[in-house]
Amino acid sequence: MINKKINELIAYAKAHLHLGVDDDYYAANRLLYLLKLTTFTKEEVDEDLDFFEIMEYILNYACGKNLLESDTVTSRDAFEGKIVDCLLPRPSELTNLFRQEYKKGPLTATNFFHDLSIASNYIKTKRIEKNIKYDYAGKYAALEITINLSKPEKDPKDILAQSLIKDNYPTCPLCMENVGVYQATSLAPRSNHRVISLTLNHEVDAWGMQYSPYAYFPEHTIVLRKDHSPMYVNELSFAELVDFINKFPHYLIGSNAGLPIVGGSILGHHHFQGGRYDFPIEKARVLQKYKANRKVTVEVLDWPMAVIRVSSDNENALLDEVNKIYEAWYNYENKDISIFKHTDQDHNTVTPILKLNGAQYQFYIVLRNNYATEDQPYGWYHPRKERFHIKKENIGLIEVMGLAILPGRLVEELDLIKDCLINNKDPKEFPELEKHLPWIEELKEKNISQDELSETLRQEVGHIFEQVLEDCNVFKYGSKEDLYRFVEKII
Ligand SMILES: [Zn+2]
């Protein structure tokens with residue numbers, strides 16, 4: 001039976017993973033080594049092949065033969081990555097294939113790479129489907145709420161095994177060192193990891209592009225520098241974003257701020273995030289519209305955070321205006337409304353996001369500040385403590401655009417809260433509800449009917465997310481007029 005499954009896997013790889021016509025014995029022999037087998041016979045197989053069914057059989061076989069470090073999801077994922085690696089093109093072959101497809105058009109090229117990443121189960125489509133998604137009709141726009149259930153919880157066995165690893169290799173999760181590395185205890189399998197080589201802003205092959213295994217939105221892409229160097233947000237990165245959009249005009253691209261608290265989770269490695277999706281921020285109403293010059297429009301958007309949108313069909317005029325706004329914000333200080341640009345370090349930065357709208361480039365410049373004090377160690381423009389029970393983490397570009405990524409623990413906690421409210425149970429008896437206690441008291445006072453409870457709780461979570469974004473508004477201690485004055489001084 002295992003021989004048949006190897007045949008099926010090879011047939012699948014020829015159909016979906018670009019395994020070459022002459023590569024079947026080569027791939028089969030690599031699989032034999034991995035599965036500690038010694039012979040392979042070619043067999044006829046059905047054309048209708050299911051990757052997950054074949055892989056489950058092979059992983060169960062490998063488990064039964066004690067070929068895995070342990071029978072945990074993480075270990076199985078890592079071994080699956082190793083199996084798929086026997087069938088996939090090498091990284092440079094894949095870049096060449098991508099470039100051939102790119103000659104037909106950028107959309108053809110990204111479709112090619114994205115389809116491959118799904119077919120190889122590098123993008124964990126089945127797990128992503130488990131995420132809970134709904135809209136919250138907020139006062140600014142319909143915000144999108146995602147409760148993240150796709151990433152498997154780590155087994156204590158994996159955590160222990162990982163703690164024993166002393167090598168600092170790969171240096172970080174974005175480094176090129178990850179391509180093909182076998183880590184049975186890392187969060188995502190890497191043997192089947194592939195990064196397409198890119199040239200951005202005249203730096204030939206200095207960049208890479210990959211998809212996110214646990215995509216938060218369609219075609220969630222990571223664009224990274226190949227060298228491990230820290231995040232930066234400045235004139236240079238804005239030009240890099242524009243060049244990416246010139247090369248992939250059907251994608252959106254953005255960068256997290258390069259400072260702690262207001263930045264992303266990986267500040268040590270310069271990267272962008274993009275994808276093919278329309279985010280809620282794009283539907284924001286316009287509060288003020290200015291003509292910076294004949295070619296450039298500047299708008300202040302009605303959004304919970306301070307957002308300036310710069311639009312132009314001219315790349316250079318666009319970049320000039322964006323650079324001006326960035327410089328002005330970097331040097332902006334207004335102690336009357338608690339905006340401090342510098343104490344022991346610089347505090348002002350931006351979250352930049354770029355998308356094409358027809359022929360117009362649209363740059364969303366979200367003003368950020370990471371000023372923190374002893375009484376507010378997480379920063380003045382970070383989710384407030386009373387909202388940590390829903391969202392504690394940094395607010396990065398995805399959330400800035402109106403898509404919340406909330407922790408999976410919320411599903412069970414919300415069910416438990418419902419149970420307490422319906423059946424008059426004391427929430428204090430459940431340690432996991434401790435952080436929600438003040439909120440539960442508020443909910444009790446609302447006397448929500450049993451029928452409406454599930455939906456009301458979802459909407460309440462959405463409302464708290466909207467407040468979380470408002471917490472990050474750098475002009476929240478002032479007024480919209482302060483923001484208008486800031487913009488009007490620049491243009
Ligand atoms: Zn790195």
# chains A, B, ... in the order shown; residues from 1 in each chain; ligands from 1

$ closest_atom_pairs --of "chain A" --to "ligand 1" --cutoff "9 Å" --atoms "only C-alpha atoms and all ligand atoms" --output "Markdown table"
| residue | atom | partner | partner_atom_place_in_ligand_line | distance |
| --- | --- | --- | --- | --- |
| A:Pro170 | CA | ligand 1 | 1 (Zn) | 7.5 |
| A:Thr171 | CA | ligand 1 | 1 (Zn) | 5.4 |
| A:Cys172 | CA | ligand 1 | 1 (Zn) | 4.2 |
| A:Pro173 | CA | ligand 1 | 1 (Zn) | 6.2 |
| A:Leu174 | CA | ligand 1 | 1 (Zn) | 4.8 |
| A:Cys175 | CA | ligand 1 | 1 (Zn) | 3.7 |
| A:Met176 | CA | ligand 1 | 1 (Zn) | 7.2 |
| A:Glu177 | CA | ligand 1 | 1 (Zn) | 8.1 |
| A:Leu224 | CA | ligand 1 | 1 (Zn) | 8.9 |
| A:Arg225 | CA | ligand 1 | 1 (Zn) | 8.6 |
| A:Lys226 | CA | ligand 1 | 1 (Zn) | 8.0 |
| A:Asp227 | CA | ligand 1 | 1 (Zn) | 6.9 |
| A:His228 | CA | ligand 1 | 1 (Zn) | 4.1 |
| A:Ser229 | CA | ligand 1 | 1 (Zn) | 6.9 |
| A:Pro230 | CA | ligand 1 | 1 (Zn) | 8.4 |
| A:Ile266 | CA | ligand 1 | 1 (Zn) | 8.5 |
| A:Gly268 | CA | ligand 1 | 1 (Zn) | 6.5 |
| A:His269 | CA | ligand 1 | 1 (Zn) | 4.7 |
| A:His270 | CA | ligand 1 | 1 (Zn) | 8.0 |

$ select_by_dssp --residues "region 20-182 of chain A" --states "strand (DSSP E)" --output "list in words"
Ile132, Lys133, Tyr134, Asp135, Tyr136, Ala137, Ala142, Leu143, Glu144, Ile145, Thr146, Ile147 and Asn148 of chain A

$ closest_residue --among "A:Tyr25, A:Tyr182, A:Tyr214, A:Phe40" --to "Lys126 (chain A)" --atoms "only C-alpha atoms"
A:Tyr214

$ residues_around --residues "Asn394 (chain A)" --least-positions-apart "5" --cutoff "8 Å" --atoms "only C-alpha atoms" --output "PDB file with N, CA and C atoms, in the first residue's frame"
ATOM      1  N   ILE A 261       6.455  48.611  19.978  1.00  0.00           N
ATOM      2  CA  ILE A 261       5.080  48.925  20.414  1.00  0.00           C
ATOM      3  C   ILE A 261       4.151  49.175  19.221  1.00  0.00           C
ATOM      4  N   VAL A 262       4.524  50.121  18.353  1.00  0.00           N
ATOM      5  CA  VAL A 262       3.628  50.438  17.230  1.00  0.00           C
ATOM      6  C   VAL A 262       4.003  49.663  15.965  1.00  0.00           C
ATOM      7  N   GLY A 263       5.083  48.901  16.048  1.00  0.00           N
ATOM      8  CA  GLY A 263       5.549  48.166  14.870  1.00  0.00           C
ATOM      9  C   GLY A 263       5.059  46.730  14.873  1.00  0.00           C
ATOM     10  N   GLY A 264       5.600  45.945  13.977  1.00  0.00           N
ATOM     11  CA  GLY A 264       5.199  44.550  13.884  1.00  0.00           C
ATOM     12  C   GLY A 264       5.962  43.695  14.878  1.00  0.00           C
ATOM     13  N   SER A 265       5.795  42.381  14.750  1.00  0.00           N
ATOM     14  CA  SER A 265       6.430  41.500  15.729  1.00  0.00           C
ATOM     15  C   SER A 265       7.885  41.186  15.359  1.00  0.00           C
ATOM     16  N   HIS A 382      -1.402  52.863  22.287  1.00  0.00           N
ATOM     17  CA  HIS A 382      -1.482  51.409  22.221  1.00  0.00           C
ATOM     18  C   HIS A 382      -2.841  51.058  22.835  1.00  0.00           C
TER      19      HIS A 382
END

$ residues_around --residues "Ile83 (chain A)" --least-positions-apart "4" --cutoff "8 Å" --atoms "only C-alpha atoms" --output "ChimeraX atom specification"
/A:31,34,79,87

$ closest_residue --among "A:Asn234, A:Asn111, A:Ser449, A:Asn3" --to "Glu327 (chain A)" --atoms "only C-alpha atoms"
A:Asn234

$ residues_around --residues "Thr125 (chain A)" --least-positions-apart "5" --cutoff "10 Å" --atoms "only C-alpha atoms" --output "ChimeraX atom specification"
/A:117-119,130,150,213-215

$ residues_around --residues "Lys4 (chain A)" --least-positions-apart "5" --cutoff "10 Å" --atoms "only C-alpha atoms" --output "PDB file with C-alpha atoms, in the first residue's frame"
ATOM      1  CA  LEU A   9       2.060  11.364  -4.485  1.00  0.00           C
ATOM      2  CA  ILE A  10       4.317  11.457  -7.524  1.00  0.00           C
ATOM      3  CA  PHE A  40       9.764   1.231  -5.458  1.00  0.00           C
ATOM      4  CA  THR A  41       7.568  -0.148  -8.257  1.00  0.00           C
ATOM      5  CA  LYS A  42       5.645   2.026 -10.679  1.00  0.00           C
ATOM      6  CA  GLU A  43       1.882   1.539 -10.474  1.00  0.00           C
ATOM      7  CA  GLU A  44      -1.107   2.982 -12.310  1.00  0.00           C
ATOM      8  CA  VAL A  45      -3.030   5.393 -10.111  1.00  0.00           C
ATOM      9  CA  ILE A  54      -2.480  10.562   0.535  1.00  0.00           C
TER      10      ILE A  54
END

$ residues_around --residues "Gln273 (chain A)" --least-positions-apart "3" --cutoff "6 Å" --atoms "only C-alpha atoms" --output "CSV table (one decimal) with C-alpha atoms, in the first residue's frame"
chain,number,residue,atom,x,y,z
A,221,THR,CA,2.4,37.9,0.9
A,222,ILE,CA,5.6,38.7,2.7
A,253,ILE,CA,1.6,46.4,-0.1
A,254,GLY,CA,2.5,48.0,3.2

$ select_by_dssp --residues "region 170-419 of chain A" --states "alpha helix (DSSP H)" --output "PyMOL selection string"
chain A and resi 235-247+315-330+397-400+409-419

$ closest_residue --among "A:Glu129, A:Val21, A:Arg99, A:Asn369" --to "Lys151 (chain A)" --atoms "only C-alpha atoms"
A:Glu129

$ closest_residue --among "A:Asn370, A:Asn168, A:Asn256, A:Asn148" --to "Val400 (chain A)" --atoms "only C-alpha atoms"
A:Asn256

$ closest_residue --among "A:Ala404, A:Ala306, A:Ile58, A:Ala11" --to "Cys472 (chain A)" --atoms "only C-alpha atoms"
A:Ala306
